[in-house]
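Structure data follow from query-v8.txt (compact mmCIF, C-alpha atoms):
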# COMPACT_ATOMS: atom_id res chain seq x y z
CA MET A 1 25.38 -0.66 -1.82
CA SER A 2 23.20 1.41 0.55
CA LEU A 3 21.22 -0.28 3.33
CA PHE A 4 17.97 0.92 1.69
CA ALA A 5 18.82 -0.66 -1.65
CA ARG A 6 20.23 -3.79 -0.05
CA SER A 7 17.02 -4.32 1.96
CA ALA A 8 14.92 -4.05 -1.19
CA ALA A 9 17.12 -6.61 -2.93
CA VAL A 10 16.83 -9.05 0.00
CA LEU A 11 13.03 -8.70 0.11
CA ALA A 12 12.84 -9.20 -3.63
CA ALA A 13 14.87 -12.38 -3.40
CA ALA A 14 12.55 -13.70 -0.69
CA PHE A 15 9.46 -12.77 -2.72
CA ALA A 16 10.84 -14.55 -5.76
CA LEU A 17 10.46 -17.83 -3.85
CA ALA A 18 6.71 -17.34 -3.99
CA TRP A 19 6.76 -15.91 -7.49
CA PRO A 20 8.91 -18.29 -9.58
CA ALA A 21 11.30 -16.49 -11.93
CA ALA A 22 9.40 -13.26 -11.22
CA ALA A 23 7.40 -13.89 -14.39
CA ILE A 24 3.72 -13.32 -15.02
CA ASP A 25 1.88 -15.29 -17.68
CA ILE A 26 -0.46 -12.76 -19.33
CA GLN A 27 -3.01 -13.96 -21.86
CA THR A 28 -4.83 -11.73 -24.31
CA VAL A 29 -8.54 -12.56 -24.32
CA LYS A 30 -10.98 -11.18 -26.87
CA SER A 31 -14.73 -11.33 -26.36
CA PRO A 32 -17.14 -12.36 -29.13
CA GLY A 33 -18.04 -8.66 -29.38
CA GLY A 34 -14.41 -7.60 -29.82
CA ILE A 35 -13.56 -6.35 -26.31
CA GLU A 36 -9.98 -7.18 -25.42
CA ALA A 37 -8.56 -7.89 -21.96
CA TRP A 38 -5.37 -9.06 -20.32
CA LEU A 39 -5.85 -12.12 -18.14
CA VAL A 40 -3.60 -13.64 -15.50
CA GLU A 41 -5.07 -16.95 -14.41
CA GLU A 42 -4.33 -17.73 -10.75
CA HIS A 43 -6.37 -20.58 -9.36
CA GLY A 44 -4.38 -20.96 -6.15
CA LEU A 45 -6.57 -18.40 -4.39
CA PRO A 46 -10.38 -18.18 -4.70
CA ILE A 47 -10.30 -14.50 -5.65
CA ILE A 48 -11.00 -12.60 -8.88
CA SER A 49 -9.93 -8.99 -9.44
CA ILE A 50 -11.24 -6.96 -12.37
CA GLU A 51 -9.70 -3.57 -13.10
CA ALA A 52 -11.10 -1.59 -16.04
CA ALA A 53 -10.40 1.92 -17.30
CA PHE A 54 -11.69 4.22 -20.01
CA ASP A 55 -9.16 6.66 -21.39
CA GLY A 56 -10.36 10.22 -20.87
CA GLY A 57 -11.14 11.05 -17.26
CA GLY A 58 -11.18 14.60 -15.97
CA ARG A 59 -9.52 16.06 -19.04
CA LEU A 60 -12.84 15.53 -20.88
CA ASP A 61 -14.90 17.52 -18.37
CA PRO A 62 -16.94 20.25 -20.11
CA GLU A 63 -15.85 23.86 -19.72
CA GLY A 64 -17.22 25.26 -16.48
CA LYS A 65 -18.03 21.78 -15.10
CA ALA A 66 -14.67 20.52 -13.87
CA GLY A 67 -15.16 17.65 -11.44
CA LEU A 68 -17.81 15.84 -13.50
CA ALA A 69 -15.75 12.67 -14.06
CA TYR A 70 -14.70 12.59 -10.42
CA LEU A 71 -18.29 13.00 -9.22
CA VAL A 72 -19.57 10.24 -11.51
CA SER A 73 -16.87 7.89 -10.22
CA THR A 74 -18.08 8.37 -6.64
CA LEU A 75 -21.62 7.46 -7.72
CA MET A 76 -20.89 4.12 -9.39
CA ASN A 77 -21.72 2.10 -6.27
CA GLU A 78 -24.57 4.38 -5.15
CA GLY A 79 -27.39 2.31 -6.59
CA ALA A 80 -28.27 0.54 -9.84
CA GLY A 81 -31.35 -1.04 -11.36
CA GLU A 82 -33.94 -1.79 -8.69
CA TYR A 83 -31.46 -1.24 -5.86
CA ASP A 84 -31.14 2.20 -4.30
CA SER A 85 -27.88 3.23 -2.64
CA THR A 86 -28.55 1.45 0.65
CA ALA A 87 -29.78 -1.76 -0.98
CA PHE A 88 -26.90 -1.85 -3.47
CA MET A 89 -24.32 -1.41 -0.72
CA GLN A 90 -26.01 -4.13 1.31
CA LYS A 91 -25.88 -6.54 -1.63
CA LEU A 92 -22.14 -5.90 -1.92
CA GLN A 93 -21.54 -6.36 1.80
CA ASP A 94 -23.60 -9.54 2.03
CA LYS A 95 -21.25 -11.27 -0.41
CA ALA A 96 -18.00 -9.50 0.61
CA ILE A 97 -17.84 -7.84 -2.82
CA SER A 98 -15.94 -4.60 -3.29
CA PHE A 99 -17.03 -2.53 -6.26
CA GLY A 100 -16.50 1.14 -7.04
CA GLY A 101 -15.26 3.78 -9.40
CA SER A 102 -12.48 6.34 -9.38
CA ALA A 103 -11.08 8.91 -11.78
CA ASP A 104 -7.96 10.88 -12.51
CA ALA A 105 -7.19 13.45 -15.18
CA ASP A 106 -6.69 10.76 -17.83
CA ALA A 107 -8.98 7.83 -17.07
CA PHE A 108 -12.23 6.68 -15.52
CA TYR A 109 -11.80 3.45 -13.52
CA LEU A 110 -14.00 0.59 -12.36
CA SER A 111 -12.72 -1.95 -9.83
CA LEU A 112 -14.22 -5.28 -8.76
CA PRO A 113 -12.43 -7.66 -6.36
CA SER A 114 -14.56 -10.63 -5.29
CA LEU A 115 -14.38 -14.15 -3.96
CA SER A 116 -14.75 -16.51 -6.90
CA ALA A 117 -17.56 -18.29 -5.03
CA ASN A 118 -19.59 -15.08 -5.31
CA LYS A 119 -18.61 -14.20 -8.86
CA ALA A 120 -22.11 -14.57 -10.31
CA GLU A 121 -23.51 -11.97 -7.90
CA ALA A 122 -20.45 -9.75 -8.28
CA PHE A 123 -20.58 -9.74 -12.07
CA GLU A 124 -24.31 -9.01 -12.07
CA LEU A 125 -23.92 -6.04 -9.72
CA MET A 126 -21.11 -4.62 -11.84
CA ARG A 127 -23.20 -5.13 -14.99
CA LEU A 128 -26.12 -3.30 -13.39
CA ALA A 129 -23.91 -0.41 -12.27
CA VAL A 130 -22.54 0.03 -15.80
CA ALA A 131 -25.80 -0.56 -17.70
CA ASN A 132 -28.35 1.00 -15.38
CA PRO A 133 -26.86 3.29 -12.73
CA ARG A 134 -29.56 5.12 -10.78
CA PHE A 135 -27.85 8.46 -10.12
CA ASP A 136 -30.56 9.35 -7.63
CA GLN A 137 -30.58 13.05 -6.76
CA GLU A 138 -30.16 12.24 -3.07
CA ALA A 139 -26.92 10.40 -3.79
CA ILE A 140 -25.71 13.17 -6.11
CA ASP A 141 -26.32 15.81 -3.45
CA ARG A 142 -24.66 13.69 -0.75
CA MET A 143 -21.52 13.05 -2.79
CA LYS A 144 -21.31 16.71 -3.79
CA ALA A 145 -21.47 17.66 -0.10
CA GLN A 146 -18.60 15.27 0.69
CA ILE A 147 -16.49 16.69 -2.14
CA PHE A 148 -17.27 20.27 -1.05
CA ALA A 149 -16.06 19.44 2.47
CA ALA A 150 -12.82 17.97 1.14
CA GLN A 151 -12.31 21.00 -1.11
CA LYS A 152 -12.70 23.33 1.85
CA GLU A 153 -9.93 21.49 3.68
CA GLN A 154 -7.67 21.60 0.62
CA ASP A 155 -8.25 25.34 0.25
CA GLU A 156 -6.54 25.81 3.63
CA ASP A 157 -3.76 23.27 3.11
CA PRO A 158 -0.46 24.85 1.90
CA GLY A 159 0.59 21.69 0.08
CA SER A 160 -2.67 21.52 -1.86
CA ILE A 161 -2.50 25.23 -2.63
CA ALA A 162 1.04 24.85 -3.96
CA GLY A 163 0.19 21.83 -6.12
CA ASN A 164 -3.00 23.34 -7.50
CA THR A 165 -1.29 26.66 -8.23
CA TRP A 166 1.62 24.95 -9.97
CA SER A 167 -0.71 22.94 -12.22
CA GLU A 168 -2.95 25.91 -12.99
CA ARG A 169 -0.05 28.12 -14.04
CA ALA A 170 2.05 25.41 -15.69
CA PHE A 171 -0.92 24.45 -17.91
CA PRO A 172 -3.00 27.63 -18.16
CA GLY A 173 -6.34 27.19 -19.91
CA HIS A 174 -5.86 23.44 -20.26
CA PRO A 175 -7.77 20.67 -18.43
CA TYR A 176 -4.51 19.63 -16.74
CA GLY A 177 -4.53 23.01 -15.02
CA ARG A 178 -7.92 22.34 -13.39
CA ARG A 179 -8.63 20.56 -10.14
CA LEU A 180 -9.74 16.99 -10.73
CA ALA A 181 -12.60 17.36 -8.24
CA GLY A 182 -13.47 20.80 -9.59
CA THR A 183 -14.32 23.87 -7.57
CA ALA A 184 -17.41 24.70 -5.56
CA ASP A 185 -18.80 26.65 -8.52
CA SER A 186 -17.98 24.12 -11.23
CA LEU A 187 -19.30 21.17 -9.26
CA ALA A 188 -22.47 23.05 -8.31
CA ALA A 189 -23.08 23.58 -12.03
CA VAL A 190 -23.09 19.81 -12.72
CA THR A 191 -26.63 18.46 -13.14
CA ARG A 192 -28.03 14.94 -13.23
CA GLU A 193 -28.39 15.38 -17.01
CA ASP A 194 -24.63 16.06 -17.21
CA ILE A 195 -23.99 12.86 -15.30
CA LEU A 196 -26.21 10.81 -17.60
CA ASP A 197 -24.53 12.41 -20.62
CA PHE A 198 -21.12 11.48 -19.20
CA MET A 199 -21.98 7.79 -19.44
CA GLN A 200 -23.06 8.20 -23.07
CA SER A 201 -20.51 10.66 -24.45
CA ARG A 202 -17.33 10.27 -22.39
CA LEU A 203 -17.07 6.49 -22.21
CA GLY A 204 -16.54 4.23 -25.17
CA ARG A 205 -15.56 0.62 -25.71
CA ASP A 206 -12.91 1.91 -28.13
CA GLN A 207 -11.20 3.54 -25.12
CA LEU A 208 -11.60 0.58 -22.75
CA LYS A 209 -8.74 -1.38 -21.17
CA VAL A 210 -9.47 -4.37 -18.92
CA VAL A 211 -7.20 -6.51 -16.75
CA VAL A 212 -8.45 -9.58 -14.89
CA VAL A 213 -6.40 -11.54 -12.38
CA GLY A 214 -7.43 -14.62 -10.45
CA ASP A 215 -9.62 -17.70 -10.40
CA ILE A 216 -11.22 -17.46 -13.84
CA SER A 217 -10.45 -19.03 -17.22
CA ALA A 218 -10.08 -17.37 -20.61
CA ALA A 219 -13.10 -19.29 -21.87
CA GLU A 220 -15.25 -17.85 -19.08
CA LEU A 221 -13.86 -14.33 -19.33
CA GLY A 222 -14.49 -13.81 -23.05
CA PRO A 223 -18.32 -13.76 -22.98
CA LEU A 224 -18.27 -12.02 -19.59
CA LEU A 225 -16.59 -8.96 -21.10
CA ASP A 226 -19.53 -8.43 -23.44
CA THR A 227 -21.98 -8.95 -20.58
CA LEU A 228 -20.27 -6.37 -18.36
CA PHE A 229 -19.70 -3.65 -20.95
CA ALA A 230 -22.38 -4.13 -23.62
CA ALA A 231 -24.23 -0.99 -22.49
CA ILE A 232 -21.21 1.26 -23.10
CA PRO A 233 -21.29 3.07 -26.47
CA GLU A 234 -19.03 1.58 -29.12
CA LYS A 235 -17.06 4.81 -29.49
CA ARG A 236 -16.43 7.80 -27.27
CA ALA A 237 -18.33 10.80 -28.63
CA ALA A 238 -16.64 13.64 -26.73
CA ALA A 239 -13.68 15.37 -28.37
CA ASP A 240 -10.34 14.99 -26.63
CA ALA A 241 -8.25 17.81 -25.24
CA ALA A 242 -5.19 18.97 -27.15
CA PRO A 243 -1.61 18.01 -26.22
CA VAL A 244 0.01 20.65 -24.04
CA THR A 245 3.51 21.83 -23.15
CA MET A 246 4.38 23.06 -19.67
CA GLN A 247 4.58 26.84 -19.35
CA ASN A 248 6.46 29.31 -17.10
CA GLY A 249 9.82 27.55 -17.19
CA GLY A 250 12.49 29.58 -15.42
CA LYS A 251 9.93 31.47 -13.34
CA LEU A 252 9.29 31.53 -9.56
CA ASP A 253 5.89 32.54 -8.16
CA ILE A 254 5.06 33.25 -4.52
CA VAL A 255 1.56 32.72 -3.14
CA ASP A 256 1.36 34.76 0.05
CA ARG A 257 0.13 32.93 3.14
CA ASP A 258 0.78 33.86 6.76
CA ILE A 259 2.29 30.52 7.80
CA PRO A 260 5.62 29.75 9.55
CA GLN A 261 6.77 27.25 6.94
CA SER A 262 6.66 27.62 3.17
CA VAL A 263 5.79 24.80 0.76
CA VAL A 264 7.68 24.62 -2.53
CA VAL A 265 6.56 22.75 -5.65
CA PHE A 266 8.79 22.71 -8.74
CA GLY A 267 8.80 20.97 -12.08
CA ALA A 268 9.96 20.78 -15.68
CA PRO A 269 8.91 18.87 -18.80
CA GLY A 270 9.54 15.12 -18.53
CA LEU A 271 9.21 12.17 -20.90
CA LYS A 272 6.78 9.36 -21.61
CA MET A 273 7.02 5.99 -19.87
CA THR A 274 7.38 4.38 -23.28
CA ASP A 275 10.33 6.62 -24.23
CA PRO A 276 13.56 4.60 -24.71
CA ASP A 277 15.29 6.93 -22.22
CA TYR A 278 12.70 6.43 -19.48
CA ARG A 279 14.56 3.66 -17.61
CA ALA A 280 17.68 5.87 -17.49
CA ALA A 281 15.49 8.74 -16.29
CA GLN A 282 14.15 6.56 -13.46
CA ILE A 283 17.69 5.94 -12.27
CA MET A 284 18.56 9.63 -12.61
CA ASN A 285 15.49 10.59 -10.58
CA TYR A 286 16.21 8.01 -7.88
CA VAL A 287 19.71 9.37 -7.37
CA MET A 288 18.76 13.04 -7.57
CA GLY A 289 15.60 13.23 -5.46
CA GLY A 290 13.41 10.14 -5.74
CA GLY A 291 15.34 7.72 -3.55
CA GLY A 292 14.44 8.98 -0.09
CA PHE A 293 17.50 9.03 2.15
CA ALA A 294 19.55 7.59 -0.70
CA SER A 295 18.98 10.68 -2.88
CA ARG A 296 21.40 13.56 -3.21
CA MET A 297 18.81 16.23 -2.46
CA MET A 298 17.74 14.52 0.76
CA LYS A 299 21.35 14.16 1.90
CA GLU A 300 22.13 17.81 1.19
CA VAL A 301 18.90 19.36 2.44
CA ARG A 302 17.99 17.19 5.43
CA VAL A 303 20.94 15.04 6.50
CA LYS A 304 23.72 17.62 6.19
CA ARG A 305 21.84 20.84 6.96
CA GLY A 306 18.54 19.94 8.61
CA LEU A 307 16.67 22.38 6.38
CA ALA A 308 13.59 20.24 5.85
CA TYR A 309 12.00 16.99 6.91
CA GLY A 310 12.17 15.75 3.34
CA ILE A 311 12.58 16.73 -0.29
CA TYR A 312 11.40 14.57 -3.16
CA THR A 313 11.31 14.42 -6.94
CA GLY A 314 9.39 12.14 -9.29
CA LEU A 315 8.54 11.45 -12.90
CA SER A 316 4.87 12.06 -13.63
CA GLY A 317 3.26 10.87 -16.84
CA SER A 318 -0.03 12.06 -18.30
CA ARG A 319 -1.59 11.18 -21.62
CA LEU A 320 -1.00 14.60 -23.18
CA THR A 321 2.15 15.74 -21.39
CA ASP A 322 4.84 14.55 -18.98
CA THR A 323 6.68 16.24 -16.13
CA LEU A 324 9.50 15.87 -13.64
CA THR A 325 8.26 17.41 -10.39
CA GLY A 326 9.45 17.90 -6.83
CA ASN A 327 8.39 19.33 -3.49
CA VAL A 328 9.81 20.46 -0.17
CA GLY A 329 8.63 22.37 2.89
CA THR A 330 10.84 24.43 5.18
CA ASP A 331 10.99 27.46 7.50
CA ASN A 332 10.39 30.79 5.77
CA ALA A 333 13.90 31.93 6.67
CA ARG A 334 15.50 28.95 4.92
CA VAL A 335 13.45 28.61 1.76
CA LYS A 336 15.93 30.41 -0.48
CA GLU A 337 18.82 28.29 0.78
CA THR A 338 16.82 25.10 0.21
CA ILE A 339 15.85 26.10 -3.32
CA ASP A 340 19.45 27.08 -4.11
CA ILE A 341 20.64 23.63 -2.99
CA ALA A 342 17.99 21.87 -5.08
CA LYS A 343 18.97 23.95 -8.11
CA ALA A 344 22.65 23.14 -7.52
CA GLU A 345 21.88 19.41 -7.48
CA ILE A 346 19.95 19.74 -10.74
CA VAL A 347 22.92 21.51 -12.35
CA LYS A 348 25.39 18.96 -10.92
CA MET A 349 23.39 15.99 -12.18
CA ARG A 350 23.15 17.54 -15.63
CA ALA A 351 26.87 18.22 -15.78
CA GLU A 352 28.32 15.08 -14.16
CA GLY A 353 25.74 12.30 -14.12
CA ILE A 354 26.09 9.61 -11.45
CA THR A 355 28.77 7.37 -9.94
CA ASP A 356 29.16 3.61 -10.27
CA GLU A 357 27.98 3.12 -6.69
CA GLU A 358 24.90 5.29 -7.23
CA LEU A 359 24.09 3.34 -10.40
CA ALA A 360 24.33 0.02 -8.55
CA ASP A 361 22.22 1.27 -5.64
CA ALA A 362 19.52 2.64 -7.92
CA LYS A 363 19.31 -0.58 -9.93
CA ALA A 364 19.10 -2.70 -6.78
CA TYR A 365 16.25 -0.65 -5.38
CA LEU A 366 14.30 -0.15 -8.60
CA THR A 367 14.40 -3.84 -9.53
CA GLY A 368 13.88 -5.12 -6.00
CA SER A 369 10.99 -2.86 -5.08
CA TYR A 370 9.24 -3.50 -8.40
CA VAL A 371 8.40 -7.15 -7.74
CA LEU A 372 7.09 -6.25 -4.29
CA GLY A 373 4.22 -4.47 -6.00
CA PHE A 374 2.85 -7.76 -7.36
CA ASP A 375 2.03 -9.63 -4.15
CA SER A 376 -1.76 -9.80 -4.55
CA ASN A 377 -4.30 -10.22 -7.34
CA ALA A 378 -5.50 -6.65 -6.89
CA LYS A 379 -1.98 -5.21 -7.04
CA ILE A 380 -1.10 -7.23 -10.12
CA ALA A 381 -4.29 -6.11 -11.87
CA GLY A 382 -3.70 -2.47 -10.94
CA ARG A 383 -0.07 -2.47 -12.05
CA LEU A 384 -0.88 -4.16 -15.34
CA LEU A 385 -3.75 -1.78 -16.03
CA GLY A 386 -1.40 1.18 -15.62
CA LEU A 387 1.00 -0.32 -18.15
CA TYR A 388 -1.86 -1.18 -20.53
CA LEU A 389 -3.13 2.40 -20.42
CA ALA A 390 0.37 3.79 -20.95
CA GLY A 391 0.73 1.85 -24.20
CA PHE A 392 3.02 -1.01 -23.18
CA ASP A 393 2.68 -4.51 -24.58
CA LYS A 394 1.72 -7.27 -22.17
CA ASP A 395 5.24 -8.72 -22.00
CA TYR A 396 6.87 -5.50 -20.77
CA VAL A 397 6.29 -6.38 -17.12
CA ASN A 398 8.56 -9.42 -17.50
CA ARG A 399 11.41 -7.55 -19.17
CA ARG A 400 11.24 -4.27 -17.26
CA ASN A 401 13.89 -5.18 -14.68
CA ALA A 402 16.26 -6.36 -17.41
CA GLU A 403 15.90 -2.97 -19.07
CA ILE A 404 16.75 -1.26 -15.76
CA GLU A 405 19.82 -3.49 -15.35
CA ALA A 406 21.00 -2.64 -18.86
CA VAL A 407 21.17 1.14 -18.22
CA THR A 408 24.66 2.65 -18.28
CA LYS A 409 26.10 5.76 -16.65
CA GLU A 410 26.43 7.29 -20.09
CA GLN A 411 22.71 6.88 -20.70
CA VAL A 412 21.91 8.50 -17.36
CA LEU A 413 24.14 11.45 -18.21
CA ALA A 414 22.49 11.80 -21.62
CA VAL A 415 18.96 11.83 -20.19
CA SER A 416 20.07 14.26 -17.47
CA GLN A 417 21.26 16.65 -20.15
CA ARG A 418 17.99 16.16 -21.99
CA LEU A 419 15.71 16.85 -19.01
CA LEU A 420 17.57 18.95 -16.46
CA ASP A 421 17.73 22.37 -18.04
CA PRO A 422 17.67 24.70 -14.99
CA ASN A 423 15.77 27.28 -17.04
CA ALA A 424 12.98 24.77 -17.74
CA PHE A 425 11.93 24.46 -14.08
CA TYR A 426 8.92 26.38 -12.78
CA TRP A 427 8.83 27.06 -9.02
CA VAL A 428 5.83 27.87 -6.80
CA VAL A 429 6.25 28.84 -3.14
CA VAL A 430 3.31 29.11 -0.75
CA GLY A 431 4.10 31.08 2.40
CA ARG A 432 6.19 34.13 3.27
CA PRO A 433 9.72 33.12 2.27
CA GLN A 434 12.52 35.49 3.17
CA GLY A 435 14.93 36.66 0.50
CA LEU A 436 12.82 35.59 -2.47
CA GLN A 437 10.96 37.74 -4.98

Exercise: express the given structure as C-alpha cells:
Amino acid sequence: MSLFARSAAVLAAAFALAWPAAAIDIQTVKSPGGIEAWLVEEHGLPIISIEAAFDGGGRLDPEGKAGLAYLVSTLMNEGAGEYDSTAFMQKLQDKAISFGGSADADAFYLSLPSLSANKAEAFELMRLAVANPRFDQEAIDRMKAQIFAAQKEQDEDPGSIAGNTWSERAFPGHPYGRRLAGTADSLAAVTREDILDFMQSRLGRDQLKVVVVGDISAAELGPLLDTLFAAIPEKRAAADAAPVTMQNGGKLDIVDRDIPQSVVVFGAPGLKMTDPDYRAAQIMNYVMGGGGFASRMMKEVRVKRGLAYGIYTGLSGSRLTDTLTGNVGTDNARVKETIDIAKAEIVKMRAEGITDEELADAKAYLTGSYVLGFDSNAKIAGRLLGLYLAGFDKDYVNRRNAEIEAVTKEQVLAVSQRLLDPNAFYWVVVGRPQGLQ
C-alpha cells in the first residue's frame, strides 16, 4: 500500500472514533406544504447548517444573457425587505450569521450556517432574502463590476483560456459551452427586470432540494421549510436545456499564445454518478490520473521525466452530460512528449486494467478520504446536498464505501474499455507547442 493511501486509511480510522461506525442518520422531513428535506439532527454542537439548491443554474440563462444565474447568486445577501445592502450585512454580522448564494451550470444554491441561539434571526433574514430581495441598482452595478474584473483576469490566464475553449468547442451552441459568469457583453445585457424574472421563472419548489444538519428537530424543521420557501413559485416556468453529447472527439486544437509554457486540457464522455459502473470508474481514474503522486500519469510525466509539475484527471458530472477530463502544463518544447505519454497511459489502462496493489491502494484512499469530508455540519450538509441533487437516495452515503470495497479488477477493466477510447478524447492546447499541429 502506498504511503498516500496508508495515511488516508490511518486518518479515517482516527476520525471514526468521533463518528461511530461512520454512519449518518438521515431523516426525511416533509413540510405541511409538501416541501421535502433531508435532516441530520446533531445536538452536540449549537450550530445549524441549511444548504438548499434549485436544479437549473446557469444552463437556464437566456440566450445572449449568460451569467444571469451567477449574478443573481452574488446579490442574495445584498439587501432584502427594509434592509439595504449595508444594513443587511450588518444584521448578519451582529449575530455571526453567514448567508449567501452561489451558482454553477446546473443549480442555484442558498447557504445558511448559524448558531442555534440566533436561529430566529437567521431564518428571518433568509426568508426575507428569498421572499423580498431588493436587487438595488447600486448593488447590481457593483457586483457586475466585480465580475467584469475577474473576467478580465481570466481572459489573460492560460488555464482559464484552455478550460473555456475546451467547453465551448466540446459543447458548441449549448449552455454547457458558455462561461458560467458570462462575458462582458452578455452580463452588460442583463437588466434588473431579468433578475426579477429569474426569481419567478427559473426557480421552483418542484426543483428544490434541502439538507439541514445540526441543532434542530424534525418537528421544528417541517413548518420552517414552508416559511423559508413559500415565496418561490410552485413550479419552474423556464424550459430546460436539451441533453448534449461531447463533440470533437479525436481532435486537437491549438490556441496561440506567446507564453513559455503551454496548458493542455483534454476530455472524453464520462458516466453518471448513479451509473452502476461509477465506483469502478472512480478507481480507474484514481490509478490513471486522479491519485496525485499515486497515479500512473504523474509517475510517468513528473516523477520519471520531470516534464510537468503535475498532471491530473477527474470524473465530472453534469445534469445533462458527463465527462472524464484532465489537464497539464509544460514547456512548449515538451508538450508533444507529455501528450504522447498521457495518451499511452489511456491506451494501457484500456488494454490491461490495474494491478492488485493498485486496486488496494485506490480503495484505501477513496474510502479513507471520503469520511474526512464529513467533519463539520456544513461539510455534511454540502456533501449530502450534492448526492441529493445527483439523484441518490439518502442511505447511499452509508453504503458508498462498501460499494467501493466490492469493486473488482475485472470491473475496472470493463469500465476502462467503456470509457477510454483514445479517439473519444478532445485536446486543447494554449500556447506555442513545438511539434504539434

*atom CA of Gly58 of chain A to atom CA of Gln247 of chain A: how many Å, to one decimal?*
20.2 Å

*For each of A:Val190, A:Val244, A:Ala230, A:Val210, take the minimum atom-to-atom distance to Gly386 of chain A, counting only C-alpha atoms, then give the residue where this is smallest.*
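Using only C-alpha atoms, the shortest distance to Gly386 of chain A belongs to A:Val210.
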
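Nearest residue to Gln437 of chain A, choosing from A:Gly159, A:Gln93, A:Lys251, A:Asp226 and counting all atoms listed in the file: A:Lys251.
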
*Would you mind listing what lies within 9 Å of Lys119 of chain A as number ranges by chain, with all atoms listed in the file counted and same-chain residues fewer than 6 positions away left out?*
A: 47-48, 97

*Work out how far apart atom CA of Ile259 of chain A and atom CA of Asn327 of chain A are and give it in Å to one decimal.*
17.0 Å

*Looking at A:Ala218, A:Ala231, A:Leu60, A:Val212, which one is nearest to Pro133 of chain A, with distances taken over all atoms listed in the file?*
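With all atoms listed in the file as the atom set, the closest residue is A:Ala231.
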
*If we count all atoms listed in the file, what is near Ala52 of chain A at a cut-off of 12 Å, once residues fewer than 2 positions away on the same chain are taken out, given as a PyMOL selection string?*
chain A and resi 35-39+49-50+54-55+99-103+107-113+126+130+203+205+207-213+225+228-229+378+381-386+388-389

*Distance of atom CA of Phe266 of chain A from atom CA of Gly291 of chain A, expressed in Å to one decimal place*: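 Separating atom CA of Gly291 of chain A from atom CA of Phe266 of chain A is a distance of 17.2 Å.
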
Write out as a JSON list (two decimals) with C-alpha atoms, in the coordinates of the input each polymer residue whose atoms come within 10 Å of segment 422-432 of chain A, counting only C-alpha atoms; drop sequence neighbours fewer than 6 positions from it.
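Saved the output as out.json:
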[["chain", "number", "residue", "atom", "x", "y", "z"],
["A", 157, "ASP", "CA", -3.76, 23.27, 3.11],
["A", 158, "PRO", "CA", -0.46, 24.85, 1.90],
["A", 159, "GLY", "CA", 0.59, 21.69, 0.08],
["A", 160, "SER", "CA", -2.67, 21.52, -1.86],
["A", 161, "ILE", "CA", -2.50, 25.23, -2.63],
["A", 162, "ALA", "CA", 1.04, 24.85, -3.96],
["A", 163, "GLY", "CA", 0.19, 21.83, -6.12],
["A", 164, "ASN", "CA", -3.00, 23.34, -7.50],
["A", 165, "THR", "CA", -1.29, 26.66, -8.23],
["A", 166, "TRP", "CA", 1.62, 24.95, -9.97],
["A", 167, "SER", "CA", -0.71, 22.94, -12.22],
["A", 169, "ARG", "CA", -0.05, 28.12, -14.04],
["A", 170, "ALA", "CA", 2.05, 25.41, -15.69],
["A", 246, "MET", "CA", 4.38, 23.06, -19.67],
["A", 247, "GLN", "CA", 4.58, 26.84, -19.35],
["A", 248, "ASN", "CA", 6.46, 29.31, -17.10],
["A", 249, "GLY", "CA", 9.82, 27.55, -17.19],
["A", 250, "GLY", "CA", 12.49, 29.58, -15.42],
["A", 251, "LYS", "CA", 9.93, 31.47, -13.34],
["A", 252, "LEU", "CA", 9.29, 31.53, -9.56],
["A", 253, "ASP", "CA", 5.89, 32.54, -8.16],
["A", 254, "ILE", "CA", 5.06, 33.25, -4.52],
["A", 255, "VAL", "CA", 1.56, 32.72, -3.14],
["A", 256, "ASP", "CA", 1.36, 34.76, 0.05],
["A", 257, "ARG", "CA", 0.13, 32.93, 3.14],
["A", 258, "ASP", "CA", 0.78, 33.86, 6.76],
["A", 259, "ILE", "CA", 2.29, 30.52, 7.80],
["A", 260, "PRO", "CA", 5.62, 29.75, 9.55],
["A", 261, "GLN", "CA", 6.77, 27.25, 6.94],
["A", 262, "SER", "CA", 6.66, 27.62, 3.17],
["A", 263, "VAL", "CA", 5.79, 24.80, 0.76],
["A", 264, "VAL", "CA", 7.68, 24.62, -2.53],
["A", 265, "VAL", "CA", 6.56, 22.75, -5.65],
["A", 266, "PHE", "CA", 8.79, 22.71, -8.74],
["A", 267, "GLY", "CA", 8.80, 20.97, -12.08],
["A", 268, "ALA", "CA", 9.96, 20.78, -15.68],
["A", 269, "PRO", "CA", 8.91, 18.87, -18.80],
["A", 323, "THR", "CA", 6.68, 16.24, -16.13],
["A", 324, "LEU", "CA", 9.50, 15.87, -13.64],
["A", 325, "THR", "CA", 8.26, 17.41, -10.39],
["A", 326, "GLY", "CA", 9.45, 17.90, -6.83],
["A", 327, "ASN", "CA", 8.39, 19.33, -3.49],
["A", 328, "VAL", "CA", 9.81, 20.46, -0.17],
["A", 329, "GLY", "CA", 8.63, 22.37, 2.89],
["A", 330, "THR", "CA", 10.84, 24.43, 5.18],
["A", 331, "ASP", "CA", 10.99, 27.46, 7.50],
["A", 332, "ASN", "CA", 10.39, 30.79, 5.77],
["A", 333, "ALA", "CA", 13.90, 31.93, 6.67],
["A", 335, "VAL", "CA", 13.45, 28.61, 1.76],
["A", 339, "ILE", "CA", 15.85, 26.10, -3.32],
["A", 343, "LYS", "CA", 18.97, 23.95, -8.11],
["A", 344, "ALA", "CA", 22.65, 23.14, -7.52],
["A", 346, "ILE", "CA", 19.95, 19.74, -10.74],
["A", 347, "VAL", "CA", 22.92, 21.51, -12.35],
["A", 350, "ARG", "CA", 23.15, 17.54, -15.63]]

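The closest residue to Gln146 of chain A, picked from A:Asn118, A:Thr227, A:Thr274, A:Thr74 and counting all atoms listed in the file, is A:Thr74.
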
What are the centre and the three edge lengths of an axis-aligned box that wraps all atoms of segment 428-437 of chain A in the file, given that 4 Å is added to every side, written as JSON and rounded to one decimal in Å?
{"center_x": 9.1, "center_y": 32.8, "center_z": -1.8, "size_x": 19.6, "size_y": 17.9, "size_z": 18.1}

*asked:* I'd like the contact shell of segment 276-281 of chain A - 10 Å cut-off, all atoms listed in the file, skipping same-chain residues fewer than 2 positions apart - returned as a ChimeraX atom specification.
replied: /A:270-274,283-287,314-315,324,359,363,366,400-401,403-416,418-419

Counting only C-alpha atoms, find residues at most 6 Å from (-12.6, 13.2, -24.3) (file frame) and give them as a JSON list (two decimals) with C-alpha atoms, in the frame of the given file.
[["chain", "number", "residue", "atom", "x", "y", "z"],
["A", 56, "GLY", "CA", -10.36, 10.22, -20.87],
["A", 60, "LEU", "CA", -12.84, 15.53, -20.88],
["A", 202, "ARG", "CA", -17.33, 10.27, -22.39],
["A", 238, "ALA", "CA", -16.64, 13.64, -26.73],
["A", 239, "ALA", "CA", -13.68, 15.37, -28.37],
["A", 240, "ASP", "CA", -10.34, 14.99, -26.63]]
